[in-house]
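As provided, protein_30.cif (mmCIF, C-alpha atoms) reads as follows.
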```cif
data_query
loop_
_atom_site.group_PDB
_atom_site.id
_atom_site.type_symbol
_atom_site.label_atom_id
_atom_site.label_comp_id
_atom_site.auth_asym_id
_atom_site.auth_seq_id
_atom_site.Cartn_x
_atom_site.Cartn_y
_atom_site.Cartn_z
ATOM 1 C CA ALA A 1 124.736 130.590 23.918
ATOM 2 C CA THR A 2 124.415 127.752 21.426
ATOM 3 C CA THR A 3 120.886 126.360 21.580
ATOM 4 C CA ASN A 4 119.478 122.875 21.119
ATOM 5 C CA PHE A 5 118.105 124.000 17.753
ATOM 6 C CA VAL A 6 121.427 125.354 16.465
ATOM 7 C CA ALA A 7 123.253 122.256 17.707
ATOM 8 C CA ARG A 8 121.146 120.088 15.401
ATOM 9 C CA PHE A 9 122.865 121.837 12.483
ATOM 10 C CA TRP A 10 126.381 121.749 13.916
ATOM 11 C CA LYS A 11 127.991 121.581 10.459
ATOM 12 C CA ALA A 12 126.336 124.893 9.505
ATOM 13 C CA PRO A 13 125.772 126.737 12.802
ATOM 14 C CA ALA A 14 125.748 130.273 11.351
ATOM 15 C CA LEU A 15 122.942 129.261 8.981
ATOM 16 C CA ALA A 16 121.113 127.607 11.894
ATOM 17 C CA ILE A 17 121.278 130.842 13.906
ATOM 18 C CA ARG A 18 119.649 132.724 11.036
ATOM 19 C CA MET A 19 117.028 129.999 10.648
ATOM 20 C CA ALA A 20 116.192 130.259 14.361
ATOM 21 C CA GLN A 21 115.790 134.012 13.987
ATOM 22 C CA LEU A 22 113.468 133.587 11.009
ATOM 23 C CA VAL A 23 111.153 131.103 12.750
ATOM 24 C CA GLY A 24 111.226 132.938 16.075
ATOM 25 C CA ILE A 25 113.127 130.472 18.252
ATOM 26 C CA GLU A 26 114.463 132.661 21.058
ATOM 27 C CA ASP A 27 117.140 131.792 23.594
ATOM 28 C CA SER A 28 115.624 130.505 26.823
ATOM 29 C CA GLN A 29 116.834 129.086 30.106
ATOM 30 C CA THR A 30 115.071 127.017 32.766
ATOM 31 C CA TYR A 31 118.295 126.092 34.598
ATOM 32 C CA ARG A 32 117.244 122.445 34.517
ATOM 33 C CA SER A 33 119.137 119.632 32.828
ATOM 34 C CA VAL A 34 119.720 115.895 32.956
ATOM 35 C CA ARG A 35 123.429 115.042 32.674
ATOM 36 C CA GLY A 36 123.920 118.462 31.105
ATOM 37 C CA THR A 37 121.125 118.026 28.549
ATOM 38 C CA THR A 38 118.299 120.573 28.400
ATOM 39 C CA SER A 39 114.928 120.145 26.707
ATOM 40 C CA GLY A 40 113.621 123.255 24.896
ATOM 41 C CA LEU A 41 114.760 124.201 21.379
ATOM 42 C CA GLY A 42 115.990 127.575 22.656
ATOM 43 C CA GLU A 43 117.802 126.240 25.717
ATOM 44 C CA PRO A 44 121.618 125.945 25.899
ATOM 45 C CA HIS A 45 123.454 123.010 24.330
ATOM 46 C CA GLU A 46 127.029 121.850 24.898
ATOM 47 C CA PHE A 47 127.596 121.805 21.110
ATOM 48 C CA GLY A 48 129.720 118.681 21.395
ATOM 49 C CA TYR A 49 129.559 117.494 17.788
ATOM 50 C CA PHE A 50 130.802 120.877 16.570
ATOM 51 C CA TRP A 51 133.809 120.942 18.911
ATOM 52 C CA SER A 52 134.602 117.283 18.293
ATOM 53 C CA SER A 53 134.754 118.006 14.576
ATOM 54 C CA TRP A 54 137.745 120.279 15.266
ATOM 55 C CA PHE A 55 139.493 118.532 18.153
ATOM 56 C CA ASP A 56 138.810 114.818 17.669
ATOM 57 C CA LEU A 57 141.813 113.666 15.643
ATOM 58 C CA GLY A 58 141.429 110.002 16.540
ATOM 59 C CA GLN A 59 143.255 110.138 19.893
ATOM 60 C CA ASN A 60 142.029 108.217 22.960
ATOM 61 C CA THR A 61 141.698 111.212 25.263
ATOM 62 C CA HIS A 62 140.212 114.692 25.284
ATOM 63 C CA ALA A 63 143.637 116.147 26.119
ATOM 64 C CA LEU A 64 145.523 116.940 22.910
ATOM 65 C CA SER A 65 149.306 116.887 22.814
ATOM 66 C CA GLY A 66 151.269 119.836 21.453
ATOM 67 C CA GLU A 67 151.818 117.937 18.221
ATOM 68 C CA ALA A 68 148.118 117.186 17.880
ATOM 69 C CA LEU A 69 147.167 120.825 18.481
ATOM 70 C CA GLN A 70 149.364 121.822 15.555
ATOM 71 C CA ARG A 71 147.091 119.696 13.342
ATOM 72 C CA VAL A 72 143.894 121.441 14.457
ATOM 73 C CA ASP A 73 142.490 123.737 11.761
ATOM 74 C CA ALA A 74 142.718 126.907 13.849
ATOM 75 C CA ASP A 75 141.930 129.204 10.913
ATOM 76 C CA GLY A 76 138.844 127.206 10.020
ATOM 77 C CA LEU A 77 137.659 127.222 13.644
ATOM 78 C CA ARG A 78 138.067 130.994 13.899
ATOM 79 C CA ARG A 79 136.153 131.497 10.645
ATOM 80 C CA ALA A 80 133.311 129.286 11.852
ATOM 81 C CA LEU A 81 133.036 131.159 15.155
ATOM 82 C CA ALA A 82 133.239 134.542 13.408
ATOM 83 C CA ALA A 83 130.392 133.521 11.091
ATOM 84 C CA MET A 84 128.288 132.514 14.097
ATOM 85 C CA GLU A 85 128.970 135.802 15.857
ATOM 86 C CA GLN A 86 128.114 137.765 12.724
ATOM 87 C CA ALA A 87 124.838 135.874 12.387
ATOM 88 C CA ALA A 88 123.935 136.369 16.046
ATOM 89 C CA LEU A 89 125.062 140.030 16.094
ATOM 90 C CA ARG A 90 126.307 139.611 19.652
ATOM 91 C CA PRO A 91 129.146 137.929 21.544
ATOM 92 C CA LEU A 92 129.127 134.134 21.768
ATOM 93 C CA MET A 93 129.054 132.107 24.961
ATOM 94 C CA PHE A 94 129.847 128.393 25.165
ATOM 95 C CA LYS A 95 129.414 125.973 28.014
ATOM 96 C CA SER A 96 132.649 124.214 28.827
ATOM 97 C CA ASN A 97 132.617 120.767 27.301
ATOM 98 C CA THR A 98 134.937 117.787 27.149
ATOM 99 C CA TRP A 99 137.378 119.634 24.885
ATOM 100 C CA PHE A 100 137.547 123.100 26.481
ATOM 101 C CA THR A 101 138.857 121.858 29.804
ATOM 102 C CA PHE A 102 142.214 120.686 28.502
ATOM 103 C CA GLN A 103 142.727 123.078 25.567
ATOM 104 C CA ALA A 104 142.100 126.364 27.426
ATOM 105 C CA GLY A 105 145.607 127.731 26.890
ATOM 106 C CA TRP A 106 145.543 126.946 23.168
ATOM 107 C CA LEU A 107 142.059 128.406 22.757
ATOM 108 C CA ALA A 108 143.160 131.587 24.534
ATOM 109 C CA LYS A 109 145.833 132.090 21.876
ATOM 110 C CA GLN A 110 143.405 131.511 19.025
ATOM 111 C CA LEU A 111 140.655 133.710 20.515
ATOM 112 C CA PRO A 112 142.447 136.753 22.006
ATOM 113 C CA THR A 113 139.286 138.444 23.306
ATOM 114 C CA ALA A 114 137.747 135.338 24.881
ATOM 115 C CA ILE A 115 137.077 135.163 28.632
ATOM 116 C CA PHE A 116 137.436 131.785 30.332
ATOM 117 C CA VAL A 117 135.402 130.956 33.433
ATOM 118 C CA ALA A 118 136.665 127.859 35.245
ATOM 119 C CA CYS A 119 134.603 126.316 38.028
ATOM 120 C CA LYS A 120 136.345 123.948 40.456
ATOM 121 C CA ARG A 121 134.436 121.423 42.534
ATOM 122 C CA ASP A 122 135.380 119.104 45.366
ATOM 123 C CA ALA A 123 136.861 116.022 43.690
ATOM 124 C CA PHE A 124 134.827 113.652 45.860
ATOM 125 C CA PHE A 125 131.543 115.111 44.606
ATOM 126 C CA ILE A 126 132.791 114.894 41.019
ATOM 127 C CA ALA A 127 133.594 111.227 41.632
ATOM 128 C CA GLN A 128 130.199 110.638 43.240
ATOM 129 C CA SER A 129 128.440 112.139 40.196
ATOM 130 C CA LEU A 130 130.535 110.012 37.829
ATOM 131 C CA TYR A 131 129.629 106.901 39.812
ATOM 132 C CA GLU A 132 125.906 107.753 39.785
ATOM 133 C CA GLN A 133 125.901 108.492 36.059
ATOM 134 C CA ARG A 134 127.624 105.213 35.261
ATOM 135 C CA LEU A 135 124.913 103.380 37.181
ATOM 136 C CA ALA A 136 122.125 105.376 35.508
ATOM 137 C CA LEU A 137 123.448 104.923 31.973
ATOM 138 C CA HIS A 138 125.088 101.513 32.086
ATOM 139 C CA GLY A 139 123.530 99.765 35.084
ATOM 140 C CA GLY A 140 126.952 99.326 36.683
ATOM 141 C CA ALA A 141 130.120 101.230 37.543
ATOM 142 C CA ALA A 142 132.557 99.390 35.267
ATOM 143 C CA GLU A 143 131.874 101.224 31.977
ATOM 144 C CA TRP A 144 133.551 104.606 31.386
ATOM 145 C CA TRP A 145 131.492 107.781 31.148
ATOM 146 C CA SER A 146 132.376 111.413 30.385
ATOM 147 C CA VAL A 147 135.739 113.184 30.078
ATOM 148 C CA ARG A 148 138.853 111.178 29.203
ATOM 149 C CA PRO A 149 141.911 112.852 30.785
ATOM 150 C CA ALA A 150 145.498 112.296 29.661
ATOM 151 C CA ALA A 151 145.792 109.310 32.018
ATOM 152 C CA TYR A 152 142.799 107.571 30.408
ATOM 153 C CA ASP A 153 144.659 104.453 29.219
ATOM 154 C CA ALA A 154 146.244 103.885 32.635
ATOM 155 C CA LEU A 155 142.956 104.485 34.449
ATOM 156 C CA LEU A 156 141.188 101.841 32.366
ATOM 157 C CA LYS A 157 143.340 99.185 34.037
ATOM 158 C CA LEU A 158 142.067 100.043 37.543
ATOM 159 C CA PRO A 159 139.055 98.600 39.423
ATOM 160 C CA PRO A 160 135.889 100.688 38.808
ATOM 161 C CA LEU A 161 135.795 102.671 42.052
ATOM 162 C CA GLU A 162 139.510 103.473 41.954
ATOM 163 C CA GLN A 163 139.152 104.326 38.273
ATOM 164 C CA ILE A 164 136.374 106.816 39.042
ATOM 165 C CA ALA A 165 138.404 108.452 41.818
ATOM 166 C CA GLY A 166 141.388 108.674 39.473
ATOM 167 C CA GLN A 167 139.234 110.140 36.715
ATOM 168 C CA ALA A 168 137.906 112.906 38.979
ATOM 169 C CA VAL A 169 141.373 113.861 40.207
ATOM 170 C CA ALA A 170 143.013 113.599 36.764
ATOM 171 C CA ILE A 171 140.393 115.879 35.204
ATOM 172 C CA GLN A 172 141.186 118.579 37.751
ATOM 173 C CA ARG A 173 144.939 118.071 37.361
ATOM 174 C CA ASP A 174 144.798 118.380 33.564
ATOM 175 C CA MET A 175 142.473 121.373 33.809
ATOM 176 C CA GLU A 176 144.828 123.200 36.166
ATOM 177 C CA LYS A 177 147.725 122.478 33.811
ATOM 178 C CA ALA A 178 145.821 124.029 30.903
ATOM 179 C CA LEU A 179 144.676 127.029 32.938
ATOM 180 C CA ALA A 180 148.271 127.735 33.967
ATOM 181 C CA THR A 181 148.921 128.748 30.336
ATOM 182 C CA THR A 182 145.808 130.946 30.110
ATOM 183 C CA PRO A 183 146.306 134.741 30.524
ATOM 184 C CA LYS A 184 145.248 135.707 34.050
ATOM 185 C CA ASP A 185 143.391 138.822 32.903
ATOM 186 C CA ARG A 186 141.120 136.595 30.817
ATOM 187 C CA LEU A 187 140.618 133.868 33.404
ATOM 188 C CA ILE A 188 137.985 133.836 36.132
ATOM 189 C CA GLN A 189 138.324 130.992 38.607
ATOM 190 C CA LEU A 190 135.605 130.188 41.097
ATOM 191 C CA ASP A 191 134.489 127.257 43.155
ATOM 192 C CA TYR A 192 131.196 125.465 42.753
ATOM 193 C CA GLU A 193 129.776 126.768 46.042
ATOM 194 C CA ARG A 194 130.311 130.370 44.985
ATOM 195 C CA ALA A 195 128.666 129.678 41.627
ATOM 196 C CA CYS A 196 125.625 128.388 43.531
ATOM 197 C CA ASN A 197 125.530 131.071 46.229
ATOM 198 C CA ASP A 198 126.363 134.168 44.175
ATOM 199 C CA PRO A 199 125.472 133.759 40.471
ATOM 200 C CA HIS A 200 124.804 137.497 40.127
ATOM 201 C CA GLY A 201 128.309 138.248 41.376
ATOM 202 C CA VAL A 202 129.790 135.779 38.901
ATOM 203 C CA VAL A 203 127.894 137.320 35.961
ATOM 204 C CA ASN A 204 129.020 140.807 36.980
ATOM 205 C CA GLU A 205 132.627 139.622 37.276
ATOM 206 C CA VAL A 206 132.505 138.214 33.751
ATOM 207 C CA ALA A 207 131.009 141.479 32.474
ATOM 208 C CA GLY A 208 133.797 143.386 34.208
ATOM 209 C CA ALA A 209 136.473 141.232 32.565
ATOM 210 C CA CYS A 210 134.877 141.795 29.141
ATOM 211 C CA LYS A 211 134.812 145.552 29.722
ATOM 212 C CA ALA A 212 138.482 145.542 30.708
ATOM 213 C CA LEU A 213 139.283 143.945 27.342
ATOM 214 C CA GLY A 214 137.339 146.582 25.454
ATOM 215 C CA GLU A 215 134.331 144.330 24.863
ATOM 216 C CA PRO A 216 131.648 145.891 27.100
ATOM 217 C CA ILE A 217 128.458 143.930 27.692
ATOM 218 C CA SER A 218 125.388 144.794 29.743
ATOM 219 C CA PRO A 219 124.071 141.571 31.284
ATOM 220 C CA SER A 220 120.485 141.348 32.438
ATOM 221 C CA LEU A 221 120.149 139.687 35.826
ATOM 222 C CA SER A 222 116.346 139.680 35.927
ATOM 223 C CA ASP A 223 116.147 136.049 34.757
ATOM 224 C CA VAL A 224 119.114 134.831 36.802
ATOM 225 C CA PRO A 225 118.185 133.331 40.192
ATOM 226 C CA ALA A 226 119.789 134.916 43.242
ATOM 227 C CA ARG A 227 121.166 131.508 44.156
ATOM 228 C CA PHE A 228 121.069 127.840 43.173
ATOM 229 C CA ASP A 229 120.773 124.813 45.419
ATOM 230 C CA SER A 230 124.106 123.042 45.784
ATOM 231 C CA THR A 231 124.066 119.303 45.081
ATOM 232 C CA ASP A 232 127.331 118.763 46.965
ATOM 233 C CA ARG A 233 126.138 116.327 49.576
ATOM 234 C CA ALA A 234 126.887 112.650 50.060
ATOM 235 C CA ARG A 235 124.188 110.537 48.398
ATOM 236 C CA LEU A 236 125.881 107.148 48.393
ATOM 237 C CA ALA A 237 125.550 104.536 51.117
ATOM 238 C CA PRO A 238 127.837 105.522 54.034
ATOM 239 C CA GLY A 239 130.347 102.695 53.519
ATOM 240 C CA LEU A 240 130.586 103.277 49.775
ATOM 241 C CA ALA A 241 130.883 107.047 50.226
ATOM 242 C CA GLU A 242 133.716 106.594 52.723
ATOM 243 C CA GLU A 243 135.563 104.214 50.410
ATOM 244 C CA LEU A 244 135.247 106.565 47.458
ATOM 245 C CA ARG A 245 136.265 109.571 49.562
ATOM 246 C CA ASN A 246 139.377 107.733 50.769
ATOM 247 C CA LEU A 247 140.309 106.757 47.209
ATOM 248 C CA VAL A 248 139.970 110.360 46.057
ATOM 249 C CA ALA A 249 142.083 111.574 48.993
ATOM 250 C CA ALA A 250 144.787 109.019 48.148
ATOM 251 C CA LYS A 251 144.819 110.115 44.492
ATOM 252 C CA LEU A 252 145.107 113.757 45.513
ATOM 253 C CA ALA A 253 147.950 112.979 47.931
ATOM 254 C CA ALA A 254 149.813 111.069 45.220
ATOM 255 C CA GLN A 255 149.848 114.009 42.780
#
```
Write-out of the structure in structure tokens:
Amino acid sequence: ATTNFVARFWKAPALAIRMAQLVGIEDSQTYRSVRGTTSGLGEPHEFGYFWSSWFDLGQNTHALSGEALQRVDADGLRRALAAMEQAALRPLMFKSNTWFTFQAGWLAKQLPTAIFVACKRDAFFIAQSLYEQRLALHGGAAEWWSVRPAAYDALLKLPPLEQIAGQAVAIQRDMEKALATTPKDRLIQLDYERACNDPHGVVNEVAGACKALGEPISPSLSDVPARFDSTDRARLAPGLAEELRNLVAAKLAAQ
């Protein structure tokens, strides 16, 4: 996985991997993060600047149109990833970020041996997290945070709570659209509760998919907890939680 150290050198990640090897920075994992951000130099990083450098073409959303995807430097991206893999001397693993979600089908074509693991979560709990993060970062719910789906411009015109519900539902809708164009033998779909309750099973399923593609790996489960605590519980005031839940349900029904 890309580490916090390597991510600091996102314009030269293969060199950063070799530098980490030279100074003895090893991959590590505490399974703790704040809004997806970990702390140690060897812990996983989303690698956002790197992926934005390929996919951010000046558009408003994280969902690229077919025309925009034709302008992505696919050859350059493949060369950069190949250089990283050669430096690491092992397969690469990336945490899904704002770009992966909506470009899965395109990425599958560019990376024919890649396995995609998609985790689906109850849209209400996604919306609740978005609401909480807006409060934590901006002190209020009106300012946008996180992924911008294809409906971003339309969502900006809505009141904050309805906007958040629409964002949560639109992210899932756009993700499902992208996954529909991803080869089924290279796609593992699971729900959040299973990811929490059976992480060993998920790791073994990924290893099995890699083996089926002729890319055998032997994962070590000794450092992987047997389960994680789910955070899918209502944390908002009862009236607010009910209002947000109803808005999410209405958005889902309107799809």
message = Between A:His45, A:Arg18, A:Lys177, A:Lys11, which residue has the minimum interatomic distance to Gln86 of chain A, considering only C-alpha atoms?
response =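 Using only C-alpha atoms, the shortest distance to Gln86 of chain A belongs to A:Arg18.
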key: Hits of the PyMOL selection byres ((chain A and resi 233) around 10) in this structure, as a list in words   =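 Those residues are Phe124, Phe125, Gln128, Ser230, Thr231, Asp232, Ala234, Arg235 and Leu236 of chain A.
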task = For each of A:Val6, A:Leu240, A:Ala212, A:Val206, take the minimum atom-to-atom distance to Phe47 of chain A, counting all atoms listed in the file, then give the residue where this is smallest.
result = A:Val6
Selected residue of minimal separation from Pro112 of chain A among A:Arg194, A:Arg148, A:Arg78, A:Arg227, counting all atoms listed in the file =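 The shortest atom-to-atom distance to Pro112 of chain A comes from A:Arg78.
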message = On this structure, the PyMOL selection byres ((chain A and resi 224) around 10) would catch which residues? List them as a count of residues only, sorted by chain and number.
response = 14
task = Report the residues retrieved by the PyMOL selection byres ((chain A and resi 117-123) around 9) from the displayed file, expressed as number ranges by chain.
result = A: 96, 101, 115-116, 124-128, 165, 168-169, 172, 175, 179, 186-193, 195, 206, 232, 245, 248-249, 252
task = For Gly42 of chain A, please output as a ChimeraX atom specification all residues within 7 Å (counting all atoms listed in the file; exclusion window: fewer than 2 positions along the same chain).
result = /A:3-5,25-28,40,44
key: Top pick for closest residue to Arg134 of chain A, considering A:Leu92, A:Arg35, A:Arg79, A:Phe100 and counting all atoms listed in the file   =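 Closest to Arg134 of chain A of all the choices is A:Arg35.
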note = Pairwise distance, atom CA of Pro13 of chain A with atom CA of Gly36 of chain A, equals 20.2 Å
Using all atoms of segment 103-117 of chain A that appear in the file, construct an axis-aligned enclosing box with 6 Å of padding on every side and provide its centre coordinates and edge lengths in Å, rounded to one decimal, as JSON.
```
{"center_x": 140.6, "center_y": 130.8, "center_z": 26.2, "size_x": 22.4, "size_y": 27.4, "size_z": 26.4}
```
query = Expressed in Å to a single decimal, how great is the separation between atom CA of Ser53 of chain A and atom CA of Ser65 of chain A?
reply =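 Separation between atom CA of Ser53 of chain A and atom CA of Ser65 of chain A: 16.8 Å.
In terms of minimum interatomic distance to Ala108 of chain A, A:Ala180 ranks closest within A:Leu89, A:Ala180, A:Ala136, A:Ile171, counting only C-alpha atoms.
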request  = Tell me which of A:Pro91, A:Gly208, A:Gly166, A:Pro159 sits closest to Ala253 of chain A, counting all atoms listed in the file.
outcome  =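 The shortest atom-to-atom distance to Ala253 of chain A comes from A:Gly166.
Across the model, the gap from atom CA of Thr37 of chain A to atom CA of Ala154 of chain A is 29.1 Å.
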query = Can you list, as a ChimeraX atom specification, every protein, DNA or RNA residue that comes within 9 Å of Asn60 of chain A when you count all atoms listed in the file, leaving out same-chain residues fewer than 3 positions away?
reply = /A:63,148,150,152-153
